[in-house]
Structures are given as structure tokens and as C-alpha cells.
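Asks: This one is final_22.txt, compact mmCIF, C-alpha atoms.
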# COMPACT_ATOMS: atom_id res chain seq x y z
CA VAL P 1 38.95 109.99 48.66
CA ASP P 2 39.05 110.19 52.47
CA THR P 3 37.16 106.91 52.73
CA ILE P 4 39.61 105.15 50.41
CA ASP P 5 42.52 106.67 52.28
CA LEU P 6 41.17 105.46 55.63
CA THR P 7 40.51 102.01 54.16
CA PHE P 8 44.07 101.55 52.99
CA THR P 9 45.38 102.95 56.26
CA CYS P 10 43.43 100.25 58.09
CA ILE P 11 44.75 97.57 55.71
CA PHE P 12 48.36 98.63 56.28
CA THR P 13 47.71 98.78 60.03
CA VAL P 14 46.46 95.18 59.97
CA GLU P 15 49.58 94.21 58.02
CA ILE P 16 51.82 95.75 60.68
CA ALA P 17 49.79 94.09 63.45
CA LEU P 18 50.16 90.67 61.81
CA LYS P 19 53.91 91.16 61.49
CA LEU P 20 54.13 92.10 65.17
CA LEU P 21 52.18 88.97 66.12
CA ALA P 22 54.24 86.73 63.86
CA PHE P 23 57.75 87.98 64.60
CA GLY P 24 57.32 89.82 67.88
CA PRO P 25 58.34 93.47 68.44
CA VAL P 26 62.07 92.71 68.49
CA GLY P 27 62.06 90.45 65.45
CA CYS P 28 59.70 92.68 63.50
CA PHE P 29 61.74 95.85 63.92
CA GLN P 30 64.99 94.18 62.99
CA SER P 31 63.95 94.72 59.39
CA LYS P 32 64.41 98.24 58.07
CA TRP P 33 61.44 97.78 55.74
CA ASN P 34 59.18 96.99 58.71
CA ILE P 35 60.37 100.15 60.47
CA PHE P 36 59.70 102.02 57.24
CA ASP P 37 56.14 100.65 57.01
CA PHE P 38 55.45 101.33 60.69
CA THR P 39 56.58 104.95 60.31
CA LEU P 40 54.29 105.52 57.32
CA VAL P 41 51.32 103.96 59.11
CA ALA P 42 52.01 106.09 62.20
CA LEU P 43 52.09 109.25 60.08
CA ALA P 44 48.82 108.20 58.45
CA TRP P 45 47.10 107.82 61.83
CA VAL P 46 48.54 111.15 63.00
CA GLU P 47 46.89 112.77 59.98
CA VAL P 48 43.59 110.99 60.68
CA GLY P 49 43.70 112.05 64.34
CA LEU P 50 44.43 115.69 63.54
CA GLN P 51 41.63 115.81 60.98
CA THR P 52 39.18 114.22 63.44
CA GLN P 53 40.00 116.73 66.18
CA ASP P 54 40.04 119.66 63.71
CA VAL P 55 43.49 120.51 65.00
CA GLY P 56 44.76 121.07 61.48
CA SER P 57 42.16 123.65 60.48
CA GLY P 58 43.84 126.11 58.19
CA VAL P 59 46.77 123.72 57.62
CA ASN P 60 47.00 121.38 54.65
CA LEU P 61 47.47 118.06 56.47
CA THR P 62 47.17 116.10 53.25
CA VAL P 63 50.84 116.86 52.68
CA LEU P 64 51.48 113.93 55.02
CA ARG P 65 50.04 111.64 52.36
CA THR P 66 52.96 112.37 50.09
CA PHE P 67 55.20 110.37 52.41
CA ARG P 68 53.27 107.25 51.42
CA LEU P 69 54.65 107.55 47.93
CA PHE P 70 57.90 106.25 49.39
CA ARG P 71 56.24 102.83 49.42
CA LEU P 72 57.16 102.71 45.75
CA VAL P 73 60.76 102.24 46.90
CA LYS P 74 59.78 98.71 47.91
CA LEU P 75 59.33 97.92 44.23
CA LEU P 76 63.13 97.62 44.10
CA HIS P 77 62.79 94.16 45.57
CA SER P 78 60.35 93.08 42.87
CA PHE P 79 62.18 94.41 39.81
CA PRO P 80 65.88 93.44 39.48
CA GLY P 81 66.20 95.75 36.48
CA LEU P 82 65.15 98.70 38.60
CA GLN P 83 67.69 97.67 41.23
CA ARG P 84 70.43 97.79 38.62
CA VAL P 85 69.36 101.28 37.55
CA ILE P 86 69.51 102.53 41.14
CA GLN P 87 72.91 100.90 41.62
CA MET P 88 74.15 102.51 38.42
CA ILE P 89 72.97 105.97 39.51
CA THR P 90 74.55 105.51 42.96
CA LEU P 91 77.89 104.54 41.44
CA SER P 92 77.70 107.49 39.04
CA LEU P 93 77.09 110.16 41.68
CA ASN P 94 80.74 110.72 42.59
CA GLN P 95 81.82 111.00 38.97
CA ILE P 96 78.84 113.17 38.02
CA VAL P 97 79.83 115.69 40.70
CA TYR P 98 83.12 116.24 38.87
CA LEU P 99 81.32 116.49 35.54
CA VAL P 100 78.99 119.13 36.98
CA ALA P 101 82.05 121.04 38.20
CA VAL P 102 83.53 120.87 34.68
CA LEU P 103 80.23 122.08 33.20
CA VAL P 104 80.06 125.02 35.61
CA LEU P 105 83.67 125.89 34.78
CA ILE P 106 82.84 125.86 31.07
CA MET P 107 79.85 128.11 31.70
CA VAL P 108 81.94 130.57 33.73
CA VAL P 109 84.66 130.73 31.07
CA ALA P 110 82.06 131.15 28.32
CA ALA P 111 80.29 133.92 30.29
CA LEU P 112 83.56 135.80 30.90
CA LEU P 113 84.56 135.42 27.24
CA GLY P 114 81.14 136.60 26.06
CA ARG P 115 81.31 139.62 28.37
CA GLU P 116 84.75 140.45 27.01
CA ILE P 117 83.62 140.25 23.38
CA PHE P 118 80.02 141.55 23.50
CA TYR P 119 80.05 144.03 26.39
CA ARG P 120 77.57 146.81 25.56
CA ARG P 121 77.27 145.41 22.06
CA PHE P 122 74.89 142.44 22.40
CA ALA P 123 71.34 143.78 22.59
CA PRO P 124 68.65 141.39 21.31
CA THR P 125 66.04 143.11 19.18
CA ASP P 126 63.18 140.84 20.32
CA GLY P 127 62.81 142.52 23.72
CA THR P 128 64.48 139.80 25.79
CA GLN P 129 66.92 140.69 28.55
CA PHE P 130 69.69 138.32 27.54
CA ASN P 131 73.00 140.18 27.31
CA PHE P 132 76.64 140.09 28.30
CA ASP P 133 76.77 143.44 30.10
CA SER P 134 77.18 141.84 33.54
CA PHE P 135 78.45 138.48 34.72
CA PRO P 136 75.09 137.30 36.19
CA TRP P 137 73.23 138.00 32.94
CA ALA P 138 76.07 136.53 30.89
CA PHE P 139 75.91 133.34 32.99
CA ILE P 140 72.12 133.19 32.58
CA THR P 141 72.52 133.65 28.81
CA ILE P 142 75.02 130.77 28.69
CA PHE P 143 72.65 128.62 30.73
CA VAL P 144 69.84 129.27 28.25
CA ILE P 145 72.15 128.42 25.36
CA LEU P 146 73.11 125.09 26.93
CA SER P 147 69.50 124.28 27.76
CA GLY P 148 68.70 124.48 24.05
CA GLU P 149 65.62 126.62 24.71
CA ASN P 150 65.36 128.98 21.70
CA TRP P 151 69.09 129.58 21.75
CA ASN P 152 69.14 130.10 18.00
CA GLU P 153 66.54 132.87 18.24
CA ILE P 154 68.67 134.63 20.85
CA MET P 155 71.66 134.25 18.54
CA TYR P 156 69.86 135.74 15.51
CA SER P 157 68.32 138.52 17.57
CA GLY P 158 71.64 139.43 19.19
CA ALA P 159 73.50 139.28 15.88
CA GLY P 160 71.02 141.77 14.47
CA SER P 161 72.20 144.37 16.97
CA LEU P 162 75.78 144.24 15.65
CA PRO P 163 77.13 145.64 12.38
CA PRO P 164 76.95 143.18 9.49
CA GLU P 165 80.72 142.69 9.41
CA ASN P 166 80.73 141.57 13.09
CA GLN P 167 77.68 139.32 13.11
CA TRP P 168 79.82 136.25 12.40
CA GLN P 169 81.30 136.64 15.89
CA VAL P 170 77.92 136.04 17.51
CA VAL P 171 77.17 133.03 15.30
CA LEU P 172 80.59 131.46 15.87
CA TYR P 173 80.48 132.10 19.63
CA PHE P 174 76.99 130.63 20.10
CA ILE P 175 77.72 127.53 17.99
CA VAL P 176 81.00 126.79 19.79
CA VAL P 177 79.40 127.20 23.25
CA PHE P 178 76.40 125.08 22.29
CA VAL P 179 78.49 122.27 20.76
CA VAL P 180 81.07 122.15 23.55
CA GLY P 181 78.62 122.57 26.41
CA THR P 182 75.87 120.32 25.09
CA PHE P 183 77.36 117.52 23.03
CA PHE P 184 80.75 117.19 24.71
CA VAL P 185 79.57 117.33 28.33
CA LEU P 186 76.41 115.35 27.57
CA ASN P 187 78.49 112.60 26.00
CA LEU P 188 80.65 112.54 29.13
CA PHE P 189 77.54 112.01 31.24
CA ILE P 190 76.42 109.18 28.97
CA ALA P 191 79.89 107.62 29.03
CA VAL P 192 79.90 107.62 32.84
CA LEU P 193 76.47 106.00 32.98
CA LEU P 194 77.36 103.35 30.40
CA GLY P 195 80.61 102.58 32.21
CA ASN P 196 78.77 102.08 35.48
CA ILE P 197 76.22 99.85 33.75
CA ASP P 198 79.07 97.48 32.89
CA LYS P 199 80.32 97.64 36.49
CA VAL P 200 76.88 96.78 37.84
CA LYS P 201 76.51 93.88 35.38
CA ASP P 202 79.94 92.52 36.31
CA ALA P 203 79.21 92.84 40.04
CA ASN P 204 75.85 91.08 39.66
CA ALA P 205 77.40 88.34 37.52
CA LEU P 206 80.16 87.79 40.10
CA LYS P 207 77.59 87.65 42.90
CA ALA P 208 75.51 85.13 40.95
CA ARG P 209 78.60 82.93 40.33
CA LYS P 210 79.51 83.01 44.02
CA GLN P 211 75.96 82.05 45.00
CA LYS P 212 75.94 79.23 42.46
CA ALA P 213 79.32 77.94 43.66
CA ALA P 214 78.17 78.05 47.30
CA GLU P 215 75.00 76.15 46.36
CA GLN P 216 76.99 73.50 44.54
CA GLN P 217 79.28 73.09 47.55
CA ARG P 218 76.29 72.62 49.85
CA LYS P 219 74.85 69.96 47.50
CA LYS P 220 78.18 68.12 47.33
CA ALA P 221 78.51 68.25 51.11
CA SER P 222 74.99 66.88 51.62
CA GLN P 223 75.49 64.13 49.01
CA GLY P 224 78.91 63.15 50.34
CA GLY P 225 77.82 63.06 53.99
CA GLY P 226 74.87 60.67 53.49
CA PRO P 227 76.54 57.66 51.85
CA GLY P 228 79.63 57.99 54.04
CA GLY P 229 77.54 57.88 57.18
CA ALA P 230 75.58 54.88 55.94
CA GLY P 231 78.74 53.02 55.01
CA ARG P 232 80.20 53.48 58.46
CA GLY P 233 77.00 52.27 60.05
CA ASP P 234 76.86 49.07 57.92
CA SER P 235 80.49 48.02 58.52
CA PRO P 236 80.78 44.43 59.77
CA SER P 237 81.57 43.84 63.45
Let me see whether you can do it: turn the structure in this file into C-alpha cells.
Replies:
Amino acid sequence: VDTIDLTFTCIFTVEIALKLLAFGPVGCFQSKWNIFDFTLVALAWVEVGLQTQDVGSGVNLTVLRTFRLFRLVKLLHSFPGLQRVIQMITLSLNQIVYLVAVLVLIMVVAALLGREIFYRRFAPTDGTQFNFDSFPWAFITIFVILSGENWNEIMYSGAGSLPPENQWQVVLYFIVVFVVGTFFVLNLFIAVLLGNIDKVKDANALKARKQKAAEQQRKKASQGGGPGGAGRGDSPS
């Protein structure tokens, strides 16, 4: 593994050296991707130097290798579809923040409501600690419900601790929280993503039309300039 790692480090070093020779230091480092590659190569040689001098004894220097995974970011230039996904996620971040705030608000309201209804009454019979006796545990219980991880087992177990005539309260409460928190909020997330997909497609289509129009204008200008120049040159004296 170390031999392969050193081999690729040398290959990337040669790549950086060729770029420096071709474009010069100033021209090479005008590109952010070249700065990115140079930084990764420098970190790789720092790791090699520390391992050679045994400076990193007792320290896991291989953690520096994880930075090289960022080279995968360069795949964005090779896959337009991946670029659109990243653009969609970037556009969705602002709206998703508000959706997360709405989700947290729903969880807080559900936790307070559950504590009001099931305080000292909800005691699962399967040995789990999920309850509504305190706000932290009520919030954790709501989080587990929304995650969908065995929420129905918690519901059945908690309902078993109540009298038969009150067990419907647990079932109704759990179903309402699960439906509202999971399907409603999840659909909002999906709606935001789908809406931003359309925005990205429209932006890319507009950019493509502008590029095509600019290319057509350049062709017309080059075609119109040639014959006009020749005609002026061949005019009789």
C-alpha cells in the first residue's frame, strides 16, 4: 500500500511540475484547481517526510491521505449530471434550513403534548427507556418515532402500560406524529428538491441558448466581414 501511495504521489508531483513548466508559476496558480492539486501533493509529501523521519511515531499520519479523496470533486467537470445535482443541493440549502426549523418545531410541540398526556403513564414493558416523563426523553422518543426505527413496537409496548380504555390515546398519538412528521415534512423536502431541479434545468437551458446565440453571432460576423473586405479590395480604380 505504501509503495502504491508513493507511486501515485510521484505521478501527481510530475503533473504539477509539468503544469508549472507549461504555464509558469503565475499562470499555473491562477487556476483554483491547480492550487487544489498543489495543496494535496504538498500534504502527501509532508506525510512521506514525517514517516521517513519517524516524526509521526505514535500518531496516525495516514489520516492525511483522506484529504486526497477531495480529488473526486474534480469529477464535477466530467459529469454534467453530477454538476446539476450539486447545483440543486446548493439552491435547496436555504429552503431546507427553514424546513428543518419547521421539523424541530413539530418535534418540540409533539414532545410537549406527549409529556402532557402521558406523564408518569407511558412505561414500555419491553425494558426500553422511552417515556414522556421529561422533555429530553420525550424529544428523544419523538425522534425515534420520526426515524421509523421500531416505532410501532414502542407504541404497542407503551400502550400495554395503560388501562385498556386509554390505549387508543397512545395509538392515535403515535400515528398522528408519525404521519405528520414523516410524510408531510418529507414531502416538503422532496417538493423543494424537485422545484430546484426545474430551476437548474431552466438556468442551464438559458445558458445554452445564450452560448448558441453568441456562437451564431460570431459566425455571422466572420462570414460578413470576409466578402465585404474582398469586395472593397476588388473595386475598380
Asks: Counting all atoms listed in the file, figure out which residue out of P:Val102, P:Leu194, P:Ala159, P:Val144 gets nearest to Phe178 in chain P.
Replies: P:Val144
Asks: Considering only C-alpha atoms, state which residue in the set P:Ser161, P:Thr52, P:Asn34, P:Gln87 is at the smallest distance from Ala203 in chain P.
Replies: P:Gln87
Asks: Identify which of the residues P:Ala205, P:Ser92, P:Leu112, P:Gly158 lies closest to Phe135 in chain P, counting all atoms listed in the file when measuring atom-to-atom distances.
Replies: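 Among the listed residues, the smallest separation from Phe135 in chain P belongs to P:Leu112.
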Asks: Check the smallest atom-to-atom distance from each of P:Val176, P:Leu18, P:Arg71, P:Gly49 to Asp37 in chain P using only C-alpha atoms, then report the winner.
Replies: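 Looking only at the distances to Asp37 in chain P, the closest residue turns out to be P:Arg71.
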Asks: In Å, with one decimal, what is the gap from CA of Val48 in chain P to CA of Phe70 in chain P?
Replies: 18.8 Å
Asks: Give me range 69-94 of chain P with N, CA and C atoms filled in, as a PDB file, keeping the file's coordinate frame.
Replies:
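Dumped everything to rebuild_21.pdb:
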ATOM      1  N   LEU P  69      54.102 107.858  49.246  1.00  0.00           N
ATOM      2  CA  LEU P  69      54.650 107.550  47.930  1.00  0.00           C
ATOM      3  C   LEU P  69      55.983 106.821  48.043  1.00  0.00           C
ATOM      4  N   PHE P  70      56.621 106.945  49.212  1.00  0.00           N
ATOM      5  CA  PHE P  70      57.900 106.250  49.390  1.00  0.00           C
ATOM      6  C   PHE P  70      57.717 104.742  49.419  1.00  0.00           C
ATOM      7  N   ARG P  71      56.467 104.274  49.504  1.00  0.00           N
ATOM      8  CA  ARG P  71      56.240 102.830  49.420  1.00  0.00           C
ATOM      9  C   ARG P  71      56.677 102.280  48.057  1.00  0.00           C
ATOM     10  N   LEU P  72      56.718 103.160  47.067  1.00  0.00           N
ATOM     11  CA  LEU P  72      57.160 102.710  45.750  1.00  0.00           C
ATOM     12  C   LEU P  72      58.604 102.232  45.777  1.00  0.00           C
ATOM     13  N   VAL P  73      59.370 102.687  46.797  1.00  0.00           N
ATOM     14  CA  VAL P  73      60.760 102.240  46.900  1.00  0.00           C
ATOM     15  C   VAL P  73      60.828 100.731  47.081  1.00  0.00           C
ATOM     16  N   LYS P  74      59.785 100.154  47.679  1.00  0.00           N
ATOM     17  CA  LYS P  74      59.780  98.710  47.910  1.00  0.00           C
ATOM     18  C   LYS P  74      59.704  97.921  46.606  1.00  0.00           C
ATOM     19  N   LEU P  75      59.363  98.604  45.519  1.00  0.00           N
ATOM     20  CA  LEU P  75      59.330  97.920  44.230  1.00  0.00           C
ATOM     21  C   LEU P  75      60.724  97.464  43.805  1.00  0.00           C
ATOM     22  N   LEU P  76      61.764  98.030  44.438  1.00  0.00           N
ATOM     23  CA  LEU P  76      63.130  97.620  44.100  1.00  0.00           C
ATOM     24  C   LEU P  76      63.339  96.136  44.307  1.00  0.00           C
ATOM     25  N   HIS P  77      62.633  95.582  45.298  1.00  0.00           N
ATOM     26  CA  HIS P  77      62.790  94.160  45.570  1.00  0.00           C
ATOM     27  C   HIS P  77      62.098  93.301  44.524  1.00  0.00           C
ATOM     28  N   SER P  78      61.125  93.858  43.834  1.00  0.00           N
ATOM     29  CA  SER P  78      60.350  93.080  42.870  1.00  0.00           C
ATOM     30  C   SER P  78      60.892  93.172  41.454  1.00  0.00           C
ATOM     31  N   PHE P  79      61.681  94.199  41.164  1.00  0.00           N
ATOM     32  CA  PHE P  79      62.180  94.410  39.810  1.00  0.00           C
ATOM     33  C   PHE P  79      63.705  94.495  39.834  1.00  0.00           C
ATOM     34  N   PRO P  80      64.400  93.413  39.498  1.00  0.00           N
ATOM     35  CA  PRO P  80      65.880  93.440  39.480  1.00  0.00           C
ATOM     36  C   PRO P  80      66.432  94.499  38.527  1.00  0.00           C
ATOM     37  N   GLY P  81      65.731  94.728  37.418  1.00  0.00           N
ATOM     38  CA  GLY P  81      66.200  95.750  36.480  1.00  0.00           C
ATOM     39  C   GLY P  81      66.218  97.123  37.104  1.00  0.00           C
ATOM     40  N   LEU P  82      65.196  97.418  37.914  1.00  0.00           N
ATOM     41  CA  LEU P  82      65.150  98.700  38.600  1.00  0.00           C
ATOM     42  C   LEU P  82      66.255  98.805  39.643  1.00  0.00           C
ATOM     43  N   GLN P  83      66.579  97.688  40.282  1.00  0.00           N
ATOM     44  CA  GLN P  83      67.690  97.670  41.230  1.00  0.00           C
ATOM     45  C   GLN P  83      68.999  98.020  40.540  1.00  0.00           C
ATOM     46  N   ARG P  84      69.195  97.495  39.347  1.00  0.00           N
ATOM     47  CA  ARG P  84      70.430  97.790  38.620  1.00  0.00           C
ATOM     48  C   ARG P  84      70.508  99.259  38.238  1.00  0.00           C
ATOM     49  N   VAL P  85      69.367  99.849  37.884  1.00  0.00           N
ATOM     50  CA  VAL P  85      69.360 101.280  37.550  1.00  0.00           C
ATOM     51  C   VAL P  85      69.745 102.118  38.757  1.00  0.00           C
ATOM     52  N   ILE P  86      69.180 101.792  39.926  1.00  0.00           N
ATOM     53  CA  ILE P  86      69.510 102.530  41.140  1.00  0.00           C
ATOM     54  C   ILE P  86      70.980 102.352  41.490  1.00  0.00           C
ATOM     55  N   GLN P  87      71.494 101.138  41.362  1.00  0.00           N
ATOM     56  CA  GLN P  87      72.910 100.900  41.620  1.00  0.00           C
ATOM     57  C   GLN P  87      73.792 101.702  40.665  1.00  0.00           C
ATOM     58  N   MET P  88      73.382 101.769  39.405  1.00  0.00           N
ATOM     59  CA  MET P  88      74.150 102.510  38.420  1.00  0.00           C
ATOM     60  C   MET P  88      74.179 103.994  38.771  1.00  0.00           C
ATOM     61  N   ILE P  89      73.025 104.547  39.152  1.00  0.00           N
ATOM     62  CA  ILE P  89      72.970 105.970  39.510  1.00  0.00           C
ATOM     63  C   ILE P  89      73.810 106.238  40.748  1.00  0.00           C
ATOM     64  N   THR P  90      73.761 105.326  41.728  1.00  0.00           N
ATOM     65  CA  THR P  90      74.550 105.510  42.960  1.00  0.00           C
ATOM     66  C   THR P  90      76.041 105.512  42.651  1.00  0.00           C
ATOM     67  N   LEU P  91      76.478 104.585  41.805  1.00  0.00           N
ATOM     68  CA  LEU P  91      77.890 104.540  41.440  1.00  0.00           C
ATOM     69  C   LEU P  91      78.306 105.766  40.634  1.00  0.00           C
ATOM     70  N   SER P  92      77.368 106.369  39.913  1.00  0.00           N
ATOM     71  CA  SER P  92      77.700 107.490  39.040  1.00  0.00           C
ATOM     72  C   SER P  92      77.751 108.821  39.775  1.00  0.00           C
ATOM     73  N   LEU P  93      77.211 108.873  40.998  1.00  0.00           N
ATOM     74  CA  LEU P  93      77.090 110.160  41.680  1.00  0.00           C
ATOM     75  C   LEU P  93      78.433 110.842  41.877  1.00  0.00           C
ATOM     76  N   ASN P  94      79.436 110.105  42.340  1.00  0.00           N
ATOM     77  CA  ASN P  94      80.740 110.720  42.590  1.00  0.00           C
ATOM     78  C   ASN P  94      81.348 111.290  41.312  1.00  0.00           C
TER      79      ASN P  94
END
